[in-house]
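Next comes query.cif, a file with mmCIF, C-alpha atoms.
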data_upload
#
loop_
_atom_site.label_atom_id
_atom_site.label_comp_id
_atom_site.auth_asym_id
_atom_site.auth_seq_id
_atom_site.Cartn_x
_atom_site.Cartn_y
_atom_site.Cartn_z
CA MET G 1 -20.07 43.51 20.36
CA ILE G 2 -17.48 40.80 19.75
CA GLU G 3 -19.17 38.55 22.31
CA TYR G 4 -22.44 38.85 20.39
CA ILE G 5 -20.72 37.73 17.19
CA LYS G 6 -19.18 34.79 19.03
CA ILE G 7 -22.51 33.60 20.43
CA VAL G 8 -24.08 33.87 16.95
CA ILE G 9 -21.39 31.59 15.49
CA ILE G 10 -21.40 29.13 18.39
CA SER G 11 -25.18 28.81 18.71
CA LEU G 12 -25.79 28.52 14.95
CA VAL G 13 -23.05 25.94 14.28
CA SER G 14 -23.83 23.91 17.41
CA ALA G 15 -27.53 23.86 16.53
CA LEU G 16 -26.76 22.72 12.98
CA PHE G 17 -24.87 19.78 14.48
CA ALA G 18 -27.55 18.96 17.05
CA PRO G 19 -29.78 16.80 14.75
CA LEU G 20 -26.74 15.15 13.12
CA PRO G 21 -24.78 12.07 14.23
CA PHE G 22 -21.94 14.31 15.36
CA SER G 23 -21.58 15.59 18.90
CA HIS G 24 -22.90 19.15 19.17
CA SER G 25 -21.43 19.26 22.69
CA ALA G 26 -17.99 18.64 21.16
CA GLY G 27 -18.65 21.30 18.54
CA TYR G 28 -19.77 23.71 21.23
CA SER G 29 -16.75 23.00 23.44
CA TYR G 30 -14.22 23.47 20.65
CA LEU G 31 -15.83 26.59 19.26
CA SER G 32 -15.96 28.11 22.75
CA TYR G 33 -12.30 27.22 23.25
CA VAL G 34 -11.12 28.54 19.87
CA LEU G 35 -13.18 31.73 20.12
CA ASP G 36 -12.38 32.19 23.82
CA PHE G 37 -16.10 32.65 24.32
CA SER G 38 -16.58 32.51 28.10
CA GLN G 39 -14.26 32.44 31.10
CA SER G 40 -17.10 31.12 33.27
CA SER G 41 -17.77 27.39 32.98
CA SER G 42 -21.28 27.90 34.41
CA LEU G 43 -22.12 30.42 31.69
CA GLY G 44 -20.76 28.03 29.09
CA VAL G 45 -23.08 25.29 30.36
CA PHE G 46 -25.96 27.78 30.45
CA TYR G 47 -25.68 28.68 26.76
CA TYR G 48 -25.16 25.05 25.79
CA SER G 49 -28.41 24.23 27.58
CA ILE G 50 -30.20 27.03 25.73
CA ILE G 51 -29.06 25.53 22.41
CA SER G 52 -30.19 22.04 23.46
CA ILE G 53 -33.59 23.33 24.60
CA ALA G 54 -34.04 25.21 21.32
CA PHE G 55 -33.27 21.99 19.44
CA SER G 56 -35.83 20.07 21.53
CA VAL G 57 -38.49 22.73 20.98
CA THR G 58 -37.83 22.62 17.23
CA VAL G 59 -38.32 18.85 17.28
CA PHE G 60 -41.60 19.20 19.19
CA PHE G 61 -42.82 21.73 16.64
CA SER G 62 -41.73 19.60 13.67
CA LEU G 63 -43.40 16.45 15.05
CA ARG G 64 -46.31 18.18 16.77
CA LYS G 65 -48.91 16.09 14.93
CA ILE G 66 -47.35 12.85 16.18
CA TYR G 67 -47.27 14.03 19.79
CA ALA G 68 -50.81 15.42 19.52
CA LYS G 69 -52.20 12.13 18.18
CA GLY G 70 -50.43 10.26 20.95
CA ILE G 71 -52.01 12.47 23.61
CA ARG G 72 -55.46 12.17 22.02
CA ALA G 73 -55.10 8.39 21.87
CA LEU G 74 -54.70 8.27 25.66
CA PHE G 75 -58.10 9.85 26.18
CA SER G 76 -60.02 8.38 23.26
CA GLY G 77 -62.67 5.76 23.91
CA LYS G 78 -63.32 2.52 22.10
CA LYS G 79 -65.70 4.23 19.70
CA SER G 80 -63.16 6.86 18.74
CA ASN G 81 -62.32 7.19 15.07
CA ILE G 82 -58.69 7.99 15.72
CA GLN G 83 -56.49 5.92 13.46
CA ASN G 84 -53.98 3.48 14.92
CA ARG G 85 -55.13 4.21 18.49
CA THR G 86 -53.17 1.24 19.83
CA GLY G 87 -50.04 2.30 18.00
CA TYR G 88 -50.19 5.84 19.40
CA ARG G 89 -50.79 4.53 22.90
CA ARG G 90 -47.66 2.42 22.50
CA LEU G 91 -45.92 5.60 21.35
CA MET G 92 -46.83 7.30 24.64
CA LEU G 93 -45.51 4.32 26.59
CA ASN G 94 -42.28 4.54 24.61
CA LEU G 95 -42.05 8.27 25.33
CA LEU G 96 -42.37 7.51 29.03
CA ILE G 97 -39.56 4.96 28.75
CA SER G 98 -37.43 7.48 26.82
CA MET G 99 -37.52 9.73 29.91
CA LEU G 100 -35.34 7.18 31.74
CA PRO G 101 -32.09 9.15 31.15
CA ALA G 102 -33.63 12.32 32.61
CA ALA G 103 -34.74 10.40 35.71
CA VAL G 104 -31.31 8.82 36.16
CA MET G 105 -29.57 12.19 35.85
CA ALA G 106 -31.58 13.50 38.83
CA ILE G 107 -30.02 10.94 41.19
CA PRO G 108 -27.88 12.65 43.88
CA TYR G 109 -24.34 11.36 44.39
CA SER G 110 -22.74 13.96 46.67
CA ASP G 111 -23.63 16.97 48.81
CA GLY G 112 -25.67 19.24 46.55
CA LYS G 113 -24.61 17.28 43.46
CA ILE G 114 -26.67 15.14 41.10
CA LEU G 115 -25.47 12.96 38.24
CA LEU G 116 -26.43 15.71 35.80
CA ASP G 117 -23.57 17.81 37.17
CA ILE G 118 -20.97 15.30 35.93
CA PHE G 119 -21.59 16.41 32.34
CA SER G 120 -21.69 20.09 33.33
CA ASP G 121 -18.36 19.84 35.16
CA GLN G 122 -16.68 18.37 32.07
CA LEU G 123 -18.04 20.85 29.52
CA ASN G 124 -14.99 23.11 29.60
CA SER G 125 -11.54 23.45 28.06
CA THR G 126 -9.78 21.40 30.77
CA HIS G 127 -11.62 18.26 29.62
CA LEU G 128 -11.31 18.73 25.86
CA LEU G 129 -9.07 15.68 25.52
CA VAL G 130 -11.76 13.42 27.01
CA THR G 131 -14.36 15.13 24.83
CA SER G 132 -12.22 14.37 21.75
CA LEU G 133 -11.93 10.69 22.62
CA CYS G 134 -15.66 10.42 23.30
CA CYS G 135 -16.41 12.08 19.95
CA ALA G 136 -14.18 9.59 18.13
CA GLY G 137 -15.62 6.68 20.11
CA SER G 138 -19.24 7.47 19.25
CA GLY G 139 -18.23 7.65 15.58
CA VAL G 140 -16.57 4.22 15.79
CA PHE G 141 -19.67 2.63 17.34
CA LEU G 142 -21.90 4.11 14.65
CA LEU G 143 -19.62 2.75 11.94
CA ILE G 144 -19.75 -0.70 13.54
CA ALA G 145 -23.56 -0.54 13.71
CA HIS G 146 -23.76 0.44 10.04
CA TRP G 147 -21.42 -2.42 9.09
CA TYR G 148 -23.42 -4.86 11.23
CA THR G 149 -26.70 -4.02 9.53
CA LYS G 150 -25.07 -4.45 6.11
CA GLN G 151 -23.84 -7.91 7.06
CA ASN G 152 -27.00 -9.06 8.84
CA TYR G 153 -29.99 -8.49 6.63
CA ALA G 154 -33.33 -8.48 8.41
CA GLN G 155 -36.87 -7.28 7.88
CA THR G 156 -37.03 -3.66 8.97
CA LYS G 157 -39.63 -2.11 11.27
CA ARG G 158 -41.61 1.06 10.60
CA SER G 159 -41.72 2.06 14.27
CA ALA G 160 -39.75 1.36 17.42
CA ASP G 161 -41.12 -1.23 19.82
CA VAL G 162 -40.69 -1.16 23.60
CA LYS G 163 -37.51 -3.23 23.53
CA SER G 164 -35.91 -0.91 20.97
CA VAL G 165 -36.76 2.20 23.00
CA ILE G 166 -35.37 0.66 26.19
CA ARG G 167 -32.07 0.01 24.38
CA PHE G 168 -32.22 3.49 22.87
CA SER G 169 -32.69 5.08 26.31
CA ILE G 170 -29.81 3.14 27.85
CA TYR G 171 -27.52 4.23 25.02
CA GLN G 172 -28.63 7.83 25.55
CA LEU G 173 -27.22 7.80 29.07
CA LEU G 174 -23.71 7.97 27.62
CA SER G 175 -24.46 11.33 25.98
CA TYR G 176 -25.71 12.74 29.30
CA PHE G 177 -22.59 11.71 31.19
CA PHE G 178 -19.83 12.58 28.70
CA PRO G 179 -19.50 15.66 26.45
CA GLY G 180 -18.38 14.47 23.05
CA VAL G 181 -20.79 11.55 22.90
CA SER G 182 -23.50 12.38 20.38
CA GLY G 183 -27.04 11.53 21.44
CA ILE G 184 -28.05 11.25 17.78
CA SER G 185 -25.05 9.04 17.02
CA VAL G 186 -25.69 6.56 19.85
CA GLY G 187 -29.41 6.75 19.09
CA ALA G 188 -28.75 5.85 15.46
CA THR G 189 -26.48 3.02 16.61
CA SER G 190 -29.28 1.65 18.77
CA PHE G 191 -32.01 1.90 16.14
CA LEU G 192 -29.81 0.55 13.35
CA ILE G 193 -29.16 -2.68 15.26
CA SER G 194 -32.87 -2.74 16.14
CA ASP G 195 -33.64 -2.88 12.40
CA ILE G 196 -35.62 0.36 12.24
CA ASP G 197 -36.41 1.30 8.63
CA ASN G 198 -34.01 3.87 7.21
CA ARG G 199 -36.96 5.94 5.93
CA VAL G 200 -38.31 6.54 9.44
CA ILE G 201 -35.21 6.33 11.63
CA VAL G 202 -34.78 10.13 11.81
CA ARG G 203 -38.38 10.60 12.87
CA GLU G 204 -38.15 7.85 15.47
CA MET G 205 -34.89 9.17 16.94
CA LEU G 206 -36.06 12.76 17.17
CA THR G 207 -39.40 11.71 18.65
CA TYR G 208 -37.76 9.92 21.57
CA ILE G 209 -34.71 12.09 22.12
CA ALA G 210 -36.48 15.45 22.48
CA PRO G 211 -38.48 14.96 25.73
CA SER G 212 -35.53 13.73 27.78
CA MET G 213 -33.17 16.34 26.38
CA LEU G 214 -35.66 19.10 27.12
CA ALA G 215 -36.18 17.96 30.72
CA VAL G 216 -32.48 17.53 31.45
CA ASN G 217 -31.52 20.95 30.13
CA ILE G 218 -34.36 22.77 31.85
CA VAL G 219 -33.19 21.28 35.15
CA ARG G 220 -29.64 22.32 34.31
CA LEU G 221 -30.74 25.91 33.63
CA VAL G 222 -32.73 26.07 36.85
CA ARG G 223 -29.77 24.84 38.89
CA ILE G 224 -27.47 27.42 37.30
CA CYS G 225 -29.94 30.23 38.02
CA ILE G 226 -30.37 29.05 41.62
CA ALA G 227 -26.58 29.20 41.99
CA GLY G 228 -26.79 32.93 41.29
CA ILE G 229 -25.46 33.05 37.74
CA VAL G 230 -26.99 36.01 35.87
CA PRO G 231 -26.49 35.75 32.08
CA ASN G 232 -26.85 38.70 29.71
CA PRO G 233 -30.51 38.79 28.45
CA VAL G 234 -29.41 39.96 25.00
CA MET G 235 -26.97 37.04 24.75
CA ILE G 236 -29.76 34.65 25.76
CA ALA G 237 -32.05 36.06 23.07
CA ILE G 238 -29.36 35.84 20.36
CA CYS G 239 -28.43 32.31 21.37
CA THR G 240 -32.07 31.19 21.33
CA VAL G 241 -32.91 32.71 17.95
CA PHE G 242 -29.88 31.34 16.11
CA ALA G 243 -30.19 27.94 17.78
CA LEU G 244 -33.79 27.71 16.60
CA ILE G 245 -32.75 28.74 13.08
CA GLY G 246 -29.90 26.21 12.93
CA SER G 247 -31.97 23.33 14.31
CA GLY G 248 -34.91 24.09 12.04
CA LEU G 249 -32.79 24.24 8.91
CA MET G 250 -30.97 20.99 9.63
CA ILE G 251 -34.09 19.03 10.60
CA ARG G 252 -35.71 20.14 7.36
CA LEU G 253 -32.66 19.02 5.36
CA LEU G 254 -32.52 15.67 7.16
CA SER G 255 -36.08 14.88 6.13
CA LYS G 256 -34.97 14.97 2.49
CA THR G 257 -31.75 12.96 2.64
CA ASP G 258 -30.62 9.35 2.98
CA PHE G 259 -29.82 9.02 6.68
CA ARG G 260 -27.60 5.96 6.24
CA LYS G 261 -25.25 7.94 3.99
CA ILE G 262 -25.25 10.76 6.54
CA CYS G 263 -24.40 8.23 9.26
CA VAL G 264 -21.40 6.96 7.33
CA PHE G 265 -20.12 10.45 6.59
CA PHE G 266 -20.49 11.85 10.10
CA SER G 267 -19.26 8.71 11.84
CA ILE G 268 -16.03 8.98 9.82
CA PHE G 269 -15.97 12.73 10.41
CA SER G 270 -16.42 12.17 14.17
CA VAL G 271 -13.53 9.71 14.28
CA ILE G 272 -11.22 11.99 12.31
CA PHE G 273 -12.24 15.13 14.20
CA GLY G 274 -11.99 13.48 17.60
CA ALA G 275 -8.69 11.72 16.90
CA ALA G 276 -7.07 14.78 15.32
CA SER G 277 -8.22 17.02 18.17
CA ALA G 278 -6.93 14.57 20.76
CA VAL G 279 -3.51 14.46 19.08
CA VAL G 280 -3.30 18.27 18.91
CA LEU G 281 -4.39 18.68 22.53
CA PHE G 282 -1.96 15.98 23.69
CA ILE G 283 0.91 17.71 21.91
CA ILE G 284 -0.05 21.13 23.25
#

Any chance you could give the structure as structure tokens?
Amino acid sequence: MIEYIKIVIISLVSALFAPLPFSHSAGYSYLSYVLDFSQSSSLGVFYYSIISIAFSVTVFFSLRKIYAKGIRALFSGKKSNIQNRTGYRRLMLNLLISMLPAAVMAIPYSDGKILLDIFSDQLNSTHLLVTSLCCAGSGVFLLIAHWYTKQNYAQTKRSADVKSVIRFSIYQLLSYFFPGVSGISVGATSFLISDIDNRVIVREMLTYIAPSMLAVNIVRLVRICIAGIVPNPVMIAICTVFALIGSGLMIRLLSKTDFRKICVFFSIFSVIFGAASAVVLFII
């Protein structure tokens, strides 16, 4: 029973962090460590992947109209009445580019190992110090990006162009290699310096982060299952339900708030949390 309570807390809190510019992998790692959730590192990675997939699915549901219009635009003819057909076709090209991190993570680097496994191997208590430093580092970079945009005024854009999405995808690679680096944080850093309008930056980030995150974590789950790990079905169900609830609630709240203010708050929070955690772990 106590394990069920632990997975409720971990999945809900981690999912609440997932859409925010704070590393939900860091939150997951520390909660698992504090609650002594799982002695198996593979099981820990498995439940983290469930939370990430639930977040991606929530994004797809929230932005389903955008994805649907993009797909229709690919098959619409010249006489089609679909609005902004060219813009939605560019969206689909950008989505293809945003899959770059997932493709890179599938590159093998050792016998039976792919780059995706680097993240999985570090998502445990023995690497919490590195996770802390990465969490603080992503907060610092977001603060710098926010300061840069305040000092360098420019005309903002209502949607990301190809160049912006390429930069966004390259930045995302950091979050797939190192637990503690927030994909939302580095994504916000990229889009802020690309002059994406504050009113649409959340939509743009979520649109391009979900497909790659979904693909990467599905592959991670498949590899864990192939390795013979058999998780508890009840735990999987609980994790999925509360991850969907947490992600849905936070995405809804984000749509009604000033994202720049959120960026400032959580970048400072990331720095403080990461630095404080690193000091405590170093002392211990």

**Request:** Using only C-alpha atoms, determine which residues lie at most 12 Å from G:Arg252, disregarding the query and same-chain residues fewer than 3 positions distant; provide the list as a list in words.
**Result:**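 Here the answer would be Leu16, Pro19, Leu20, Thr58, Val59, Phe61, Ser62, Leu63, Val202, Arg203, Ile245, Gly246, Ser247, Gly248, Leu249, Ser255, Lys256 and Thr257 of chain G.
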
**Selection dump of the PyMOL selection byres ((chain G and resi 41) around 10), as number ranges by chain** = G: 38-40, 42-46, 120-125

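Across G:Thr126, G:Ser270, G:Asn232, G:Gln155, the tightest approach to G:Ile7 is made by G:Asn232 when counting all atoms listed in the file.
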
**Request:** Apply the PyMOL selection byres ((chain G and resi 26) around 7) to the displayed file and report the matching residues as a PyMOL selection string.
**Result:** chain G and resi 23-25+27-30+131+135+179-180

**Request:** Pick out the residues sitting within 7 Å of G:Arg158, and hand them over as a count of residues only; count all atoms listed in the file, and ignore anything fewer than 3 positions along from it in its own chain.
**Result:** 3

G:Ser164 environment, 10 Å, all atoms listed in the file, sequence neighbours closer than 6 positions dropped, as a short mmCIF file (atom, residue, chain, number, x, y, z; two decimals) with C-alpha atoms, in the frame of the given file:
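The file below, part18.cif, is the result:
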data_model
loop_
_atom_site.label_atom_id
_atom_site.label_comp_id
_atom_site.auth_asym_id
_atom_site.auth_seq_id
_atom_site.Cartn_x
_atom_site.Cartn_y
_atom_site.Cartn_z
CA ASN G 94 -42.28 4.54 24.61
CA SER G 190 -29.28 1.65 18.77
CA PHE G 191 -32.01 1.90 16.14
CA LEU G 192 -29.81 0.55 13.35
CA ILE G 193 -29.16 -2.68 15.26
CA SER G 194 -32.87 -2.74 16.14
CA ASP G 195 -33.64 -2.88 12.40
CA ILE G 196 -35.62 0.36 12.24
#

**Request:** Determine the nearest neighbour of G:Ser182 from the options G:Gly112, G:Ala145, G:Cys134, G:Asn198, counting only C-alpha atoms.
**Result:**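 Closest candidate: G:Cys134.
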
Filtering to N, CA, C and O atoms, could stretch 225-236 of chain G of the supplied structure be written out as a PDB file, in the first residue's frame?
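What landed in out04.pdb:
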ATOM      1  N   CYS G 225      11.159  -3.356 -21.350  1.00  0.00           N
ATOM      2  CA  CYS G 225      10.336  -4.567 -21.398  1.00  0.00           C
ATOM      3  C   CYS G 225      11.094  -5.715 -22.061  1.00  0.00           C
ATOM      4  O   CYS G 225      10.998  -6.866 -21.612  1.00  0.00           O
ATOM      5  N   ILE G 226      11.849  -5.417 -23.115  1.00  0.00           N
ATOM      6  CA  ILE G 226      12.642  -6.446 -23.786  1.00  0.00           C
ATOM      7  C   ILE G 226      13.687  -7.018 -22.838  1.00  0.00           C
ATOM      8  O   ILE G 226      14.026  -8.207 -22.897  1.00  0.00           O
ATOM      9  N   ALA G 227      14.194  -6.173 -21.940  1.00  0.00           N
ATOM     10  CA  ALA G 227      15.205  -6.616 -20.978  1.00  0.00           C
ATOM     11  C   ALA G 227      14.618  -7.542 -19.910  1.00  0.00           C
ATOM     12  O   ALA G 227      15.357  -8.080 -19.081  1.00  0.00           O
ATOM     13  N   GLY G 228      13.294  -7.696 -19.904  1.00  0.00           N
ATOM     14  CA  GLY G 228      12.674  -8.630 -18.975  1.00  0.00           C
ATOM     15  C   GLY G 228      12.129  -8.018 -17.702  1.00  0.00           C
ATOM     16  O   GLY G 228      11.729  -8.736 -16.779  1.00  0.00           O
ATOM     17  N   ILE G 229      12.108  -6.700 -17.625  1.00  0.00           N
ATOM     18  CA  ILE G 229      11.551  -6.027 -16.449  1.00  0.00           C
ATOM     19  C   ILE G 229      10.030  -6.109 -16.506  1.00  0.00           C
ATOM     20  O   ILE G 229       9.414  -5.771 -17.515  1.00  0.00           O
ATOM     21  N   VAL G 230       9.414  -6.565 -15.410  1.00  0.00           N
ATOM     22  CA  VAL G 230       7.956  -6.728 -15.372  1.00  0.00           C
ATOM     23  C   VAL G 230       7.381  -5.844 -14.262  1.00  0.00           C
ATOM     24  O   VAL G 230       7.343  -6.244 -13.092  1.00  0.00           O
ATOM     25  N   PRO G 231       6.935  -4.638 -14.592  1.00  0.00           N
ATOM     26  CA  PRO G 231       6.373  -3.737 -13.572  1.00  0.00           C
ATOM     27  C   PRO G 231       4.991  -4.220 -13.100  1.00  0.00           C
ATOM     28  O   PRO G 231       4.324  -5.010 -13.765  1.00  0.00           O
ATOM     29  N   ASN G 232       4.575  -3.710 -11.958  1.00  0.00           N
ATOM     30  CA  ASN G 232       3.263  -3.997 -11.398  1.00  0.00           C
ATOM     31  C   ASN G 232       2.190  -3.261 -12.221  1.00  0.00           C
ATOM     32  O   ASN G 232       2.225  -2.037 -12.338  1.00  0.00           O
ATOM     33  N   PRO G 233       1.217  -3.976 -12.808  1.00  0.00           N
ATOM     34  CA  PRO G 233       0.177  -3.326 -13.629  1.00  0.00           C
ATOM     35  C   PRO G 233      -0.607  -2.261 -12.870  1.00  0.00           C
ATOM     36  O   PRO G 233      -0.992  -1.236 -13.449  1.00  0.00           O
ATOM     37  N   VAL G 234      -0.866  -2.501 -11.591  1.00  0.00           N
ATOM     38  CA  VAL G 234      -1.603  -1.516 -10.792  1.00  0.00           C
ATOM     39  C   VAL G 234      -0.778  -0.238 -10.645  1.00  0.00           C
ATOM     40  O   VAL G 234      -1.306   0.875 -10.736  1.00  0.00           O
ATOM     41  N   MET G 235       0.527  -0.394 -10.423  1.00  0.00           N
ATOM     42  CA  MET G 235       1.411   0.767 -10.306  1.00  0.00           C
ATOM     43  C   MET G 235       1.436   1.556 -11.615  1.00  0.00           C
ATOM     44  O   MET G 235       1.440   2.787 -11.616  1.00  0.00           O
ATOM     45  N   ILE G 236       1.447   0.841 -12.739  1.00  0.00           N
ATOM     46  CA  ILE G 236       1.444   1.495 -14.048  1.00  0.00           C
ATOM     47  C   ILE G 236       0.169   2.317 -14.213  1.00  0.00           C
ATOM     48  O   ILE G 236       0.205   3.466 -14.667  1.00  0.00           O
TER      49      ILE G 236
END
